[in-house]
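Structure below is target.json: JSON, C-alpha atoms.
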```
[["chain", "number", "residue", "atom", "x", "y", "z"],
["D", 29, "MET", "CA", -72.44, 24.90, -64.22],
["D", 30, "LEU", "CA", -69.81, 26.63, -62.12],
["D", 31, "GLN", "CA", -71.06, 28.19, -58.91],
["D", 32, "THR", "CA", -69.43, 29.84, -55.92],
["D", 33, "TRP", "CA", -70.60, 30.35, -52.35],
["D", 34, "GLN", "CA", -69.26, 32.77, -49.76],
["D", 35, "ILE", "CA", -69.33, 32.30, -46.00],
["D", 36, "SER", "CA", -68.37, 34.96, -43.48],
["D", 37, "SER", "CA", -68.24, 35.78, -39.78],
["D", 38, "ALA", "CA", -69.16, 39.02, -38.06],
["D", 39, "ASN", "CA", -65.53, 40.16, -37.80],
["D", 40, "GLY", "CA", -64.68, 39.84, -41.50],
["D", 41, "ASN", "CA", -63.40, 36.27, -41.68],
["D", 42, "GLN", "CA", -64.63, 35.13, -45.08],
["D", 43, "ALA", "CA", -64.08, 32.33, -47.55],
["D", 44, "THR", "CA", -65.27, 31.49, -51.05],
["D", 45, "ILE", "CA", -65.82, 27.91, -52.24],
["D", 46, "LEU", "CA", -66.30, 26.69, -55.80],
["D", 47, "ASN", "CA", -68.61, 23.76, -56.57],
["D", 48, "PHE", "CA", -66.12, 22.20, -59.01],
["D", 49, "GLY", "CA", -63.84, 20.17, -56.76],
["D", 50, "ALA", "CA", -65.33, 21.78, -53.63],
["D", 51, "ARG", "CA", -62.39, 24.17, -53.98],
["D", 52, "LEU", "CA", -61.38, 26.80, -51.48],
["D", 53, "ILE", "CA", -60.53, 29.70, -53.79],
["D", 54, "ASP", "CA", -60.48, 32.64, -51.39],
["D", 55, "TRP", "CA", -59.84, 33.12, -47.68],
["D", 56, "CYS", "CA", -59.12, 36.41, -46.00],
["D", 57, "THR", "CA", -59.43, 37.88, -42.51],
["D", 58, "GLN", "CA", -58.75, 41.17, -40.76],
["D", 59, "ILE", "CA", -55.32, 39.79, -39.89],
["D", 60, "SER", "CA", -54.46, 39.41, -43.58],
["D", 61, "ARG", "CA", -55.94, 42.90, -44.10],
["D", 62, "GLY", "CA", -58.38, 41.54, -46.63],
["D", 63, "GLN", "CA", -55.71, 39.80, -48.71],
["D", 64, "ASN", "CA", -56.58, 36.38, -50.07],
["D", 65, "VAL", "CA", -53.98, 33.88, -48.79],
["D", 66, "ILE", "CA", -55.07, 31.16, -51.27],
["D", 67, "VAL", "CA", -53.21, 31.01, -54.58],
["D", 68, "GLY", "CA", -55.61, 30.50, -57.49],
["D", 69, "TYR", "CA", -56.82, 31.58, -60.89],
["D", 70, "ASP", "CA", -58.24, 34.99, -61.71],
["D", 71, "HIS", "CA", -61.21, 33.44, -63.54],
["D", 72, "ILE", "CA", -63.22, 30.50, -62.17],
["D", 73, "GLU", "CA", -63.49, 28.97, -65.67],
["D", 74, "ASP", "CA", -59.75, 28.29, -65.54],
["D", 75, "TYR", "CA", -60.28, 25.76, -62.73],
["D", 76, "LEU", "CA", -61.92, 23.44, -65.27],
["D", 77, "GLN", "CA", -58.52, 22.98, -66.94],
["D", 78, "ASP", "CA", -56.51, 22.85, -63.72],
["D", 79, "GLY", "CA", -54.26, 19.85, -63.20],
["D", 80, "ALA", "CA", -52.72, 20.86, -59.88],
["D", 81, "CYS", "CA", -55.71, 20.43, -57.51],
["D", 82, "MET", "CA", -55.67, 24.17, -56.81],
["D", 83, "GLY", "CA", -57.68, 24.67, -53.62],
["D", 84, "ALA", "CA", -59.51, 21.38, -54.14],
["D", 85, "ILE", "CA", -60.66, 18.51, -52.00],
["D", 86, "ALA", "CA", -58.38, 15.74, -53.29],
["D", 87, "GLY", "CA", -59.38, 12.10, -53.09],
["D", 88, "PRO", "CA", -61.13, 9.71, -52.50],
["D", 89, "TYR", "CA", -57.63, 8.79, -51.29],
["D", 90, "ALA", "CA", -55.20, 11.70, -51.26],
["D", 91, "ASN", "CA", -51.59, 11.19, -52.34],
["D", 92, "ARG", "CA", -50.21, 8.06, -53.96],
["D", 93, "ILE", "CA", -51.14, 4.38, -54.08],
["D", 94, "ALA", "CA", -48.44, 2.09, -55.47],
["D", 95, "GLN", "CA", -49.08, 0.29, -58.75],
["D", 96, "SER", "CA", -52.64, 1.67, -58.61],
["D", 97, "GLN", "CA", -53.90, -1.29, -56.65],
["D", 98, "VAL", "CA", -55.09, -2.21, -53.17],
["D", 99, "ILE", "CA", -55.76, -5.66, -51.74],
["D", 100, "ILE", "CA", -59.04, -5.75, -49.83],
["D", 101, "ASP", "CA", -59.91, -9.01, -48.06],
["D", 102, "GLY", "CA", -57.74, -10.97, -50.46],
["D", 103, "GLN", "CA", -59.12, -9.34, -53.60],
["D", 104, "THR", "CA", -56.99, -6.97, -55.67],
["D", 105, "ILE", "CA", -58.76, -3.72, -56.49],
["D", 106, "TYR", "CA", -57.32, -1.91, -59.51],
["D", 107, "LEU", "CA", -57.44, 1.88, -59.49],
["D", 108, "GLY", "CA", -56.79, 4.32, -62.32],
["D", 109, "ALA", "CA", -53.10, 5.05, -62.95],
["D", 110, "ASN", "CA", -52.51, 8.77, -63.48],
["D", 111, "GLU", "CA", -48.90, 9.25, -62.36],
["D", 112, "GLY", "CA", -46.88, 6.65, -64.19],
["D", 113, "GLU", "CA", -48.00, 3.29, -62.80],
["D", 114, "ASN", "CA", -49.29, 4.86, -59.60],
["D", 115, "HIS", "CA", -52.62, 6.29, -58.51],
["D", 116, "LEU", "CA", -52.56, 9.91, -57.29],
["D", 117, "HIS", "CA", -55.32, 11.92, -55.58],
["D", 118, "GLY", "CA", -58.17, 9.67, -56.73],
["D", 119, "GLY", "CA", -57.21, 9.63, -60.40],
["D", 120, "LYS", "CA", -58.58, 11.70, -63.25],
["D", 121, "ASP", "CA", -62.13, 11.38, -61.85],
["D", 122, "GLY", "CA", -61.06, 12.32, -58.34],
["D", 123, "LEU", "CA", -63.06, 14.54, -56.02],
["D", 124, "GLN", "CA", -61.16, 17.55, -57.33],
["D", 125, "ASN", "CA", -62.59, 17.09, -60.83],
["D", 126, "VAL", "CA", -66.31, 16.70, -60.14],
["D", 127, "TYR", "CA", -69.20, 19.00, -59.32],
["D", 128, "TRP", "CA", -70.32, 18.93, -55.69],
["D", 129, "GLN", "CA", -73.89, 19.67, -54.66],
["D", 130, "LEU", "CA", -75.07, 22.10, -52.00],
["D", 131, "LYS", "CA", -76.56, 20.41, -48.96],
["D", 132, "GLU", "CA", -76.83, 23.32, -46.56],
["D", 133, "GLN", "CA", -75.59, 26.88, -46.16],
["D", 134, "THR", "CA", -75.73, 29.35, -43.29],
["D", 135, "LYS", "CA", -73.95, 32.67, -43.01],
["D", 136, "ASP", "CA", -70.75, 31.11, -41.67],
["D", 137, "LYS", "CA", -70.94, 27.46, -42.79],
["D", 138, "LEU", "CA", -71.29, 25.55, -46.05],
["D", 139, "THR", "CA", -71.84, 21.81, -46.52],
["D", 140, "LEU", "CA", -71.40, 20.11, -49.90],
["D", 141, "THR", "CA", -72.07, 16.51, -50.93],
["D", 142, "TYR", "CA", -70.93, 14.18, -53.68],
["D", 143, "LEU", "CA", -71.90, 10.59, -54.49],
["D", 144, "HIS", "CA", -68.86, 8.80, -55.90],
["D", 145, "GLN", "CA", -70.11, 5.91, -58.02],
["D", 146, "LYS", "CA", -67.87, 3.05, -59.05],
["D", 147, "ARG", "CA", -66.21, 3.97, -62.32],
["D", 148, "ALA", "CA", -64.28, 1.56, -64.49],
["D", 149, "ALA", "CA", -61.47, 4.10, -64.93],
["D", 150, "GLU", "CA", -60.85, 4.61, -61.22],
["D", 151, "GLY", "CA", -62.05, 1.35, -59.69],
["D", 152, "TYR", "CA", -63.01, 2.43, -56.18],
["D", 153, "PRO", "CA", -65.66, 0.06, -54.85],
["D", 154, "GLY", "CA", -68.78, 2.18, -54.69],
["D", 155, "PRO", "CA", -70.89, 3.98, -54.10],
["D", 156, "ILE", "CA", -69.23, 6.31, -51.58],
["D", 157, "HIS", "CA", -71.16, 9.28, -50.25],
["D", 158, "PHE", "CA", -68.91, 12.22, -49.35],
["D", 159, "GLU", "CA", -69.66, 15.36, -47.39],
["D", 160, "VAL", "CA", -67.36, 18.28, -46.74],
["D", 161, "SER", "CA", -68.16, 21.33, -44.66],
["D", 162, "TYR", "CA", -66.36, 24.66, -44.48],
["D", 163, "GLN", "CA", -66.92, 26.99, -41.54],
["D", 164, "VAL", "CA", -65.36, 30.34, -40.62],
["D", 165, "THR", "CA", -65.25, 31.58, -37.04],
["D", 166, "GLU", "CA", -64.82, 34.91, -35.31],
["D", 167, "ASN", "CA", -61.40, 33.87, -33.98],
["D", 168, "ASN", "CA", -59.94, 33.78, -37.52],
["D", 169, "LYS", "CA", -60.27, 30.03, -37.99],
["D", 170, "LEU", "CA", -61.37, 28.07, -41.03],
["D", 171, "ARG", "CA", -62.67, 24.58, -40.30],
["D", 172, "ILE", "CA", -62.94, 21.75, -42.80],
["D", 173, "GLU", "CA", -64.72, 18.55, -41.82],
["D", 174, "PHE", "CA", -64.88, 15.42, -43.96],
["D", 175, "SER", "CA", -67.25, 12.49, -43.72],
["D", 176, "ALA", "CA", -67.92, 9.51, -45.95],
["D", 177, "THR", "CA", -70.14, 6.46, -45.90],
["D", 178, "SER", "CA", -69.72, 3.49, -48.19],
["D", 179, "ALA", "CA", -71.60, 0.41, -49.27],
["D", 180, "SER", "CA", -68.44, -1.72, -49.10],
["D", 181, "LYS", "CA", -64.91, -1.72, -47.74],
["D", 182, "VAL", "CA", -62.94, 1.03, -49.47],
["D", 183, "PRO", "CA", -59.79, 3.17, -49.01],
["D", 184, "VAL", "CA", -60.89, 6.72, -48.16],
["D", 185, "GLY", "CA", -58.69, 9.60, -47.06],
["D", 186, "PRO", "CA", -59.31, 12.99, -48.74],
["D", 187, "THR", "CA", -57.50, 16.20, -47.90],
["D", 188, "GLY", "CA", -57.58, 19.91, -48.61],
["D", 189, "HIS", "CA", -55.15, 20.90, -51.35],
["D", 190, "ALA", "CA", -54.97, 24.68, -50.99],
["D", 191, "TYR", "CA", -51.78, 26.49, -52.02],
["D", 192, "PHE", "CA", -50.96, 29.14, -49.41],
["D", 193, "ASN", "CA", -48.99, 32.33, -49.90],
["D", 194, "LEU", "CA", -49.10, 34.73, -46.95],
["D", 195, "ALA", "CA", -47.25, 37.51, -48.78],
["D", 196, "GLU", "CA", -47.59, 38.76, -52.35],
["D", 197, "HIS", "CA", -49.01, 36.25, -54.82],
["D", 198, "ASN", "CA", -46.66, 37.29, -57.61],
["D", 199, "LYS", "CA", -43.73, 36.11, -55.48],
["D", 200, "ASN", "CA", -42.57, 32.68, -54.38],
["D", 201, "ILE", "CA", -42.69, 31.34, -50.84],
["D", 202, "ASN", "CA", -38.92, 31.37, -50.25],
["D", 203, "SER", "CA", -39.24, 34.10, -47.62],
["D", 204, "HIS", "CA", -41.79, 32.07, -45.62],
["D", 205, "TRP", "CA", -40.86, 30.19, -42.47],
["D", 206, "LEU", "CA", -42.20, 26.76, -41.57],
["D", 207, "THR", "CA", -42.46, 24.76, -38.35],
["D", 208, "LEU", "CA", -43.66, 21.13, -38.31],
["D", 209, "ASN", "CA", -44.79, 18.98, -35.42],
["D", 210, "ALA", "CA", -42.81, 16.12, -36.95],
["D", 211, "ALA", "CA", -39.37, 14.72, -36.18],
["D", 212, "THR", "CA", -39.74, 11.76, -38.57],
["D", 213, "TYR", "CA", -40.94, 11.21, -42.12],
["D", 214, "THR", "CA", -41.62, 8.44, -44.64],
["D", 215, "PRO", "CA", -38.71, 8.11, -47.12],
["D", 216, "VAL", "CA", -39.70, 7.33, -50.71],
["D", 217, "ALA", "CA", -38.25, 5.41, -53.61],
["D", 218, "ALA", "CA", -37.67, 6.93, -57.06],
["D", 219, "ASP", "CA", -41.40, 6.74, -57.89],
["D", 220, "ASN", "CA", -42.36, 8.75, -54.77],
["D", 221, "ILE", "CA", -43.86, 5.68, -53.09],
["D", 222, "PRO", "CA", -42.81, 5.21, -49.44],
["D", 223, "THR", "CA", -40.34, 2.43, -48.78],
["D", 224, "GLY", "CA", -42.29, 1.49, -45.64],
["D", 225, "ASP", "CA", -39.65, 2.90, -43.31],
["D", 226, "ILE", "CA", -40.09, 5.75, -40.86],
["D", 227, "ALA", "CA", -36.87, 7.75, -40.48],
["D", 228, "THR", "CA", -35.58, 10.72, -38.57],
["D", 229, "VAL", "CA", -35.81, 13.82, -40.74],
["D", 230, "PRO", "CA", -32.46, 14.79, -42.32],
["D", 231, "ALA", "CA", -31.12, 18.27, -41.63],
["D", 232, "ASP", "CA", -32.67, 19.90, -44.71],
["D", 233, "PHE", "CA", -36.12, 18.46, -43.79],
["D", 234, "ASP", "CA", -35.87, 19.33, -40.11],
["D", 235, "PHE", "CA", -38.59, 21.87, -39.38],
["D", 236, "THR", "CA", -39.06, 20.96, -35.74],
["D", 237, "SER", "CA", -38.06, 24.56, -35.05],
["D", 238, "PRO", "CA", -38.88, 27.51, -37.32],
["D", 239, "LYS", "CA", -36.83, 27.51, -40.51],
["D", 240, "GLN", "CA", -36.94, 29.42, -43.76],
["D", 241, "ILE", "CA", -38.24, 27.33, -46.67],
["D", 242, "THR", "CA", -35.25, 27.07, -49.00],
["D", 243, "THR", "CA", -35.39, 23.36, -49.83],
["D", 244, "SER", "CA", -37.76, 21.56, -52.22],
["D", 245, "LEU", "CA", -40.41, 19.52, -50.45],
["D", 246, "ASP", "CA", -42.93, 16.94, -51.61],
["D", 247, "HIS", "CA", -42.80, 14.66, -48.61],
["D", 248, "ASN", "CA", -45.01, 13.11, -45.98],
["D", 249, "PHE", "CA", -44.09, 13.95, -42.40],
["D", 250, "VAL", "CA", -45.16, 11.83, -39.43],
["D", 251, "VAL", "CA", -47.12, 13.98, -37.01],
["D", 252, "SER", "CA", -45.60, 13.64, -33.55],
["D", 253, "ARG", "CA", -48.80, 14.50, -31.71],
["D", 254, "THR", "CA", -52.37, 14.88, -32.98],
["D", 255, "ASP", "CA", -54.01, 17.24, -30.55],
["D", 256, "ASP", "CA", -56.55, 20.02, -31.00],
["D", 257, "ASN", "CA", -54.21, 22.29, -29.04],
["D", 258, "VAL", "CA", -50.99, 21.45, -30.89],
["D", 259, "PRO", "CA", -50.62, 22.61, -34.49],
["D", 260, "VAL", "CA", -49.43, 20.15, -37.10],
["D", 261, "ALA", "CA", -47.71, 23.01, -38.89],
["D", 262, "ARG", "CA", -47.08, 26.72, -38.59],
["D", 263, "LEU", "CA", -46.35, 28.86, -41.65],
["D", 264, "SER", "CA", -45.34, 32.50, -41.30],
["D", 265, "SER", "CA", -44.28, 35.50, -43.34],
["D", 266, "LYS", "CA", -42.18, 38.28, -41.84],
["D", 267, "GLU", "CA", -42.94, 40.31, -44.95],
["D", 268, "SER", "CA", -46.71, 40.41, -44.38],
["D", 269, "GLY", "CA", -46.75, 39.86, -40.63],
["D", 270, "VAL", "CA", -49.21, 36.98, -41.02],
["D", 271, "ALA", "CA", -48.93, 33.43, -39.67],
["D", 272, "LEU", "CA", -51.01, 30.32, -40.32],
["D", 273, "GLU", "CA", -51.45, 27.36, -37.99],
["D", 274, "VAL", "CA", -52.76, 24.01, -39.23],
["D", 275, "TYR", "CA", -54.45, 21.45, -36.96],
["D", 276, "SER", "CA", -55.74, 17.98, -37.85],
["D", 277, "ASP", "CA", -56.46, 14.50, -36.51],
["D", 278, "TYR", "CA", -54.71, 12.83, -39.45],
["D", 279, "PRO", "CA", -51.46, 10.99, -38.60],
["D", 280, "GLY", "CA", -49.43, 12.56, -41.42],
["D", 281, "VAL", "CA", -48.98, 15.78, -43.35],
["D", 282, "GLN", "CA", -47.67, 16.21, -46.89],
["D", 283, "VAL", "CA", -45.72, 19.40, -47.50],
["D", 284, "TYR", "CA", -45.40, 20.41, -51.16],
["D", 285, "THR", "CA", -43.49, 23.50, -52.27],
["D", 286, "ALA", "CA", -44.80, 23.45, -55.86],
["D", 287, "ASP", "CA", -41.39, 23.88, -57.48],
["D", 288, "HIS", "CA", -42.72, 23.17, -60.96],
["D", 289, "MET", "CA", -45.80, 25.39, -61.04],
["D", 290, "GLY", "CA", -46.38, 26.75, -64.53],
["D", 291, "SER", "CA", -48.13, 29.73, -66.11],
["D", 292, "PRO", "CA", -50.03, 31.74, -64.96],
["D", 293, "PHE", "CA", -48.13, 31.00, -61.74],
["D", 294, "VAL", "CA", -44.43, 31.01, -60.92],
["D", 295, "PRO", "CA", -42.44, 28.12, -59.41],
["D", 296, "ARG", "CA", -42.96, 27.89, -55.64],
["D", 297, "ASN", "CA", -45.86, 30.33, -55.94],
["D", 298, "GLY", "CA", -47.54, 28.63, -52.97],
["D", 299, "ILE", "CA", -47.08, 25.84, -50.45],
["D", 300, "CYS", "CA", -49.49, 22.98, -49.77],
["D", 301, "ILE", "CA", -49.80, 21.66, -46.22],
["D", 302, "GLU", "CA", -51.96, 18.56, -46.61],
["D", 303, "PRO", "CA", -53.00, 16.57, -43.52],
["D", 304, "GLN", "CA", -53.46, 12.97, -44.62],
["D", 305, "TYR", "CA", -52.91, 9.29, -44.14],
["D", 306, "TYR", "CA", -49.42, 8.33, -45.23],
["D", 307, "PRO", "CA", -48.99, 7.70, -48.97],
["D", 308, "ASP", "CA", -49.75, 4.07, -49.89],
["D", 309, "ALA", "CA", -50.93, 3.35, -46.34],
["D", 310, "PRO", "CA", -53.60, 0.86, -47.55],
["D", 311, "ASN", "CA", -50.71, -1.31, -48.78],
["D", 312, "LYS", "CA", -48.38, -0.79, -45.83],
["D", 313, "PRO", "CA", -49.56, -2.77, -42.77],
["D", 314, "ASP", "CA", -47.26, -0.82, -40.43],
["D", 315, "PHE", "CA", -48.69, 2.56, -41.47],
["D", 316, "PRO", "CA", -51.70, 3.90, -39.54],
["D", 317, "PHE", "CA", -54.84, 3.51, -41.63],
["D", 318, "GLU", "CA", -58.43, 2.31, -41.38],
["D", 319, "PHE", "CA", -60.59, 1.27, -44.30],
["D", 320, "THR", "CA", -64.00, 2.87, -44.50],
["D", 321, "THR", "CA", -66.78, 0.29, -44.22],
["D", 322, "PRO", "CA", -70.58, 0.36, -43.86],
["D", 323, "GLU", "CA", -70.03, -0.19, -40.13],
["D", 324, "LYS", "CA", -67.20, 2.35, -39.80],
["D", 325, "PRO", "CA", -67.85, 5.64, -41.63],
["D", 326, "PHE", "CA", -64.98, 8.01, -42.33],
["D", 327, "ARG", "CA", -64.55, 11.25, -40.36],
["D", 328, "LYS", "CA", -61.58, 13.62, -40.26],
["D", 329, "LYS", "CA", -61.04, 17.33, -39.76],
["D", 330, "ILE", "CA", -58.63, 20.12, -40.62],
["D", 331, "ARG", "CA", -58.45, 23.46, -38.85],
["D", 332, "TYR", "CA", -56.64, 26.55, -40.12],
["D", 333, "ARG", "CA", -56.01, 29.54, -37.87],
["D", 334, "MET", "CA", -54.70, 32.86, -39.11],
["D", 335, "LEU", "CA", -52.84, 35.02, -36.62],
["D", 336, "VAL", "CA", -50.39, 37.89, -36.33],
["D", 337, "ASN", "CA", -46.81, 36.70, -36.82],
["D", 338, "GLU", "CA", -44.96, 37.53, -33.61]]
```
Translate this file's structure into structure tokens.
Amino acid sequence: MLQTWQISSANGNQATILNFGARLIDWCTQISRGQNVIVGYDHIEDYLQDGACMGAIAGPYANRIAQSQVIIDGQTIYLGANEGENHLHGGKDGLQNVYWQLKEQTKDKLTLTYLHQKRAAEGYPGPIHFEVSYQVTENNKLRIEFSATSASKVPVGPTGHAYFNLAEHNKNINSHWLTLNAATYTPVAADNIPTGDIATVPADFDFTSPKQITTSLDHNFVVSRTDDNVPVARLSSKESGVALEVYSDYPGVQVYTADHMGSPFVPRNGICIEPQYYPDAPNKPDFPFEFTTPEKPFRKKIRYRMLVNE
């Protein structure tokens, strides 16, 4: 059964989370003047048919894994192919398509859990126990913390897959400006799998200084510095006067401009800023990545901060 929970701070920072996919479906603060900056459906039942991970926790491994397979200690693990021959966002039974359970809720914080069993269709060695917590603060921040424990060695790396629009939701994000803490990126082949190289961003991908979003993006950028005081990304709208900063301890960030969004949305209706491991990192020895094991649980965090665009 679909269920939502709301968390809020004393100064009006509030968020709504849906149990299906642990989805962030609403976030607004005084700075956004009560406007929801998360693009989503008008009716929660529509999320059951969603194929775009709208607001969801995507995983167990976010982004793509080549040929839907990973070699773990000499053994090939076959995962479910759901984008051609490749595995994307955990497959059809990914974290975005399951019901999460409530573990704990306070006024400003929510913690959900999910036990991911081994399924023949997806192939992740299991079980994997996931937790995700959402917390709002009085300084207009939204915190997401991930943790996972596993019974065996497994590739884990979920992310938040919210589509942001800081202006009017019936418009695209072309008027938004983006800054990235990334001077390099991971080029991809025709199937969107990284070649294994790390290259300097070309001119149209260079967001090291603020630039209007006029190009199409679905690329992983290499974070230059992971620091609680240095944002991975900054998104802003001169139209609404709102800005969003994104912080994370992940080494990469996927930026997706949703050029092919369909009804009831319009193309480029929102932008995803997804802190993550690099795509296909479990198969690329030179990419930063650590398998989750019984001895080494998984922990990562994402922080969003809404502020006045100055």
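Distance check against Asp78 (chain D) using all atoms listed in the file: of D:Asn168, D:Arg51, D:Ile221, D:Tyr332, the minimum falls on D:Arg51.
Using all atoms listed in the file for every distance, the candidate list D:Pro153, D:Ile301, D:Tyr213, D:Pro279 yields D:Pro153 as the residue closest to Thr104 (chain D).
CA of Gly87 (chain D) is found 19.4 Å from CA of Val274 (chain D).
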### Task
Considering all atoms listed in the file, state which residue in the set D:Arg171, D:Ile241, D:Ser36, D:Gly112 is at the smallest distance from Gly298 (chain D).
D:Ile241
### Task
Calculate how many Å separate CA of Gly49 (chain D) from CA of Gly185 (chain D), rounding to one decimal.
15.2 Å
Would you tabulate, counting only C-alpha atoms, all residues of region 184-231 of chain D that have an atom at most 9 Å from an atom of region 88-97 of chain D, showing the closest pair of atoms and their distance in Å to one decimal, sorted by chain then ascending number, as a Markdown table?
```
| residue | atom | partner | partner_atom | distance |
| --- | --- | --- | --- | --- |
| D:Val184 | CA | D:Tyr89 | CA | 5.0 |
| D:Gly185 | CA | D:Tyr89 | CA | 4.4 |
| D:Pro186 | CA | D:Ala90 | CA | 5.0 |
| D:Thr187 | CA | D:Ala90 | CA | 6.1 |
| D:Gly188 | CA | D:Ala90 | CA | 8.9 |
| D:Asp219 | CA | D:Ala94 | CA | 8.8 |
| D:Asn220 | CA | D:Arg92 | CA | 7.9 |
| D:Ile221 | CA | D:Ala94 | CA | 6.3 |
| D:Pro222 | CA | D:Ala94 | CA | 8.8 |
```
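Distances to Phe174 (chain D) were evaluated for D:Pro303, D:Pro316, D:Gly83, D:Pro310 using all atoms listed in the file, and the minimum falls at D:Pro303.
Closest approach to Ser276 (chain D) from the set D:Ile299, D:Ile330, D:Ile35, D:Val258 is made by D:Ile330, with distances taken over all atoms listed in the file.
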### Query
Quick one: residues within 12 Å of Ser252 (chain D), all atoms listed in the file counted, chain neighbours fewer than 2 positions away excluded, as JSON, numbers by chain?
{"D": [208, 209, 210, 211, 212, 213, 228, 236, 249, 250, 254, 255, 258, 259, 260, 261, 276, 277, 278, 279, 280, 281]}
### Task
With a distance cut-off of 12 Å and all atoms listed in the file, select the neighbouring residues of Ser37 (chain D), excluding the residue or stretch itself and same-chain residues fewer than 3 positions from it, and output the selection as a VMD selection string.
chain D and resid 34 40 to 43 55 to 58 134 to 137 163 to 170
#### Entry: Point (-66.5, 18.8, -56.7) neighbourhood (7 Å, all atoms listed in the file) written as an MDAnalysis selection string
chainID D and resid 47:50 123:128
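Atom pair CA of Leu194 (chain D) / CA of Ser60 (chain D) has a distance of 7.9 Å (rounded to one decimal).
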### Task
Quick one: residues within 12 Å of (-61.7, 6.1, -58.3) (file frame), counting only C-alpha atoms, please, as a PyMOL selection string.
chain D and resi 86-90+93+96-98+105-110+115-126+143-156+182-184
Please define a box with edges along x, y and z of the file around all atoms of region 194-212 of chain D given in the file, extend it by 8 Å on each side, and return its centre and edge lengths in Å to one decimal, as lines of an AutoDock Vina configuration file.
```
center_x = -44.0
center_y = 25.3
center_z = -46.5
size_x = 26.2
size_y = 43.0
size_z = 38.2
```
Using all atoms listed in the file, which residues sit within 12 Å of Gln129 (chain D) once same-chain residues fewer than 6 positions away are excluded, as a PDB file with C-alpha atoms, in the frame of the given file?
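Result saved to part.pdb:
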```pdb
ATOM      1  CA  MET D  29     -72.440  24.900 -64.220  1.00  0.00           C
ATOM      2  CA  LEU D  30     -69.810  26.630 -62.120  1.00  0.00           C
ATOM      3  CA  GLN D  31     -71.060  28.190 -58.910  1.00  0.00           C
ATOM      4  CA  THR D  32     -69.430  29.840 -55.920  1.00  0.00           C
ATOM      5  CA  TRP D  33     -70.600  30.350 -52.350  1.00  0.00           C
ATOM      6  CA  ILE D  45     -65.820  27.910 -52.240  1.00  0.00           C
ATOM      7  CA  LEU D  46     -66.300  26.690 -55.800  1.00  0.00           C
ATOM      8  CA  ASN D  47     -68.610  23.760 -56.570  1.00  0.00           C
ATOM      9  CA  PHE D  48     -66.120  22.200 -59.010  1.00  0.00           C
ATOM     10  CA  GLY D  49     -63.840  20.170 -56.760  1.00  0.00           C
ATOM     11  CA  ALA D  50     -65.330  21.780 -53.630  1.00  0.00           C
ATOM     12  CA  LEU D 138     -71.290  25.550 -46.050  1.00  0.00           C
ATOM     13  CA  THR D 139     -71.840  21.810 -46.520  1.00  0.00           C
ATOM     14  CA  LEU D 140     -71.400  20.110 -49.900  1.00  0.00           C
ATOM     15  CA  THR D 141     -72.070  16.510 -50.930  1.00  0.00           C
ATOM     16  CA  TYR D 142     -70.930  14.180 -53.680  1.00  0.00           C
ATOM     17  CA  LEU D 143     -71.900  10.590 -54.490  1.00  0.00           C
ATOM     18  CA  HIS D 157     -71.160   9.280 -50.250  1.00  0.00           C
ATOM     19  CA  PHE D 158     -68.910  12.220 -49.350  1.00  0.00           C
ATOM     20  CA  GLU D 159     -69.660  15.360 -47.390  1.00  0.00           C
ATOM     21  CA  VAL D 160     -67.360  18.280 -46.740  1.00  0.00           C
ATOM     22  CA  SER D 161     -68.160  21.330 -44.660  1.00  0.00           C
TER      23      SER D 161
END
```
### Task
Determine the nearest neighbour of Ser237 (chain D) from the options D:Val270, D:Leu335, D:Ala195, D:Leu263, counting all atoms listed in the file.
D:Leu263
### Message
Can you tell me which residues surround Val283 (chain D) at a distance of at most 6 Å, considering all atoms listed in the file, apart from same-chain residues fewer than 4 positions away, and format the answer as a list in words?
### Response
Asp246, His247, Cys300 and Ile301 of chain D
#### Entry: Non-local contacts of Asn311 (chain D) (10 Å; only C-alpha atoms; under 2 positions in same chain excluded) as a list in words
Ile93, Ala94, Gln97, Val98, Ile99, Ile100, Gly224, Pro307, Asp308, Ala309, Pro313, Asp314, Phe315 and Phe317 of chain D
Could you rebuild region 231-238 of chain D with N, CA and C atoms and give me the result as a compact mmCIF listing (two decimals), keeping the file's coordinate frame?
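Result file is result_30.txt:
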```
# COMPACT_ATOMS: atom_id res chain seq x y z
N ALA D 231 -31.27 16.87 -42.02
CA ALA D 231 -31.12 18.27 -41.63
C ALA D 231 -31.94 19.21 -42.51
N ASP D 232 -31.96 18.96 -43.82
CA ASP D 232 -32.67 19.90 -44.71
C ASP D 232 -34.19 19.73 -44.63
N PHE D 233 -34.68 18.66 -44.00
CA PHE D 233 -36.12 18.46 -43.79
C PHE D 233 -36.53 18.71 -42.33
N ASP D 234 -35.60 19.17 -41.54
CA ASP D 234 -35.87 19.33 -40.11
C ASP D 234 -36.51 20.69 -39.85
N PHE D 235 -37.84 20.66 -39.68
CA PHE D 235 -38.59 21.87 -39.38
C PHE D 235 -39.21 21.79 -37.99
N THR D 236 -38.54 21.06 -37.10
CA THR D 236 -39.06 20.96 -35.74
C THR D 236 -38.95 22.29 -35.00
N SER D 237 -38.10 23.16 -35.50
CA SER D 237 -38.06 24.56 -35.05
C SER D 237 -38.18 25.43 -36.29
N PRO D 238 -38.62 26.68 -36.14
CA PRO D 238 -38.88 27.51 -37.32
C PRO D 238 -37.66 27.63 -38.24
```
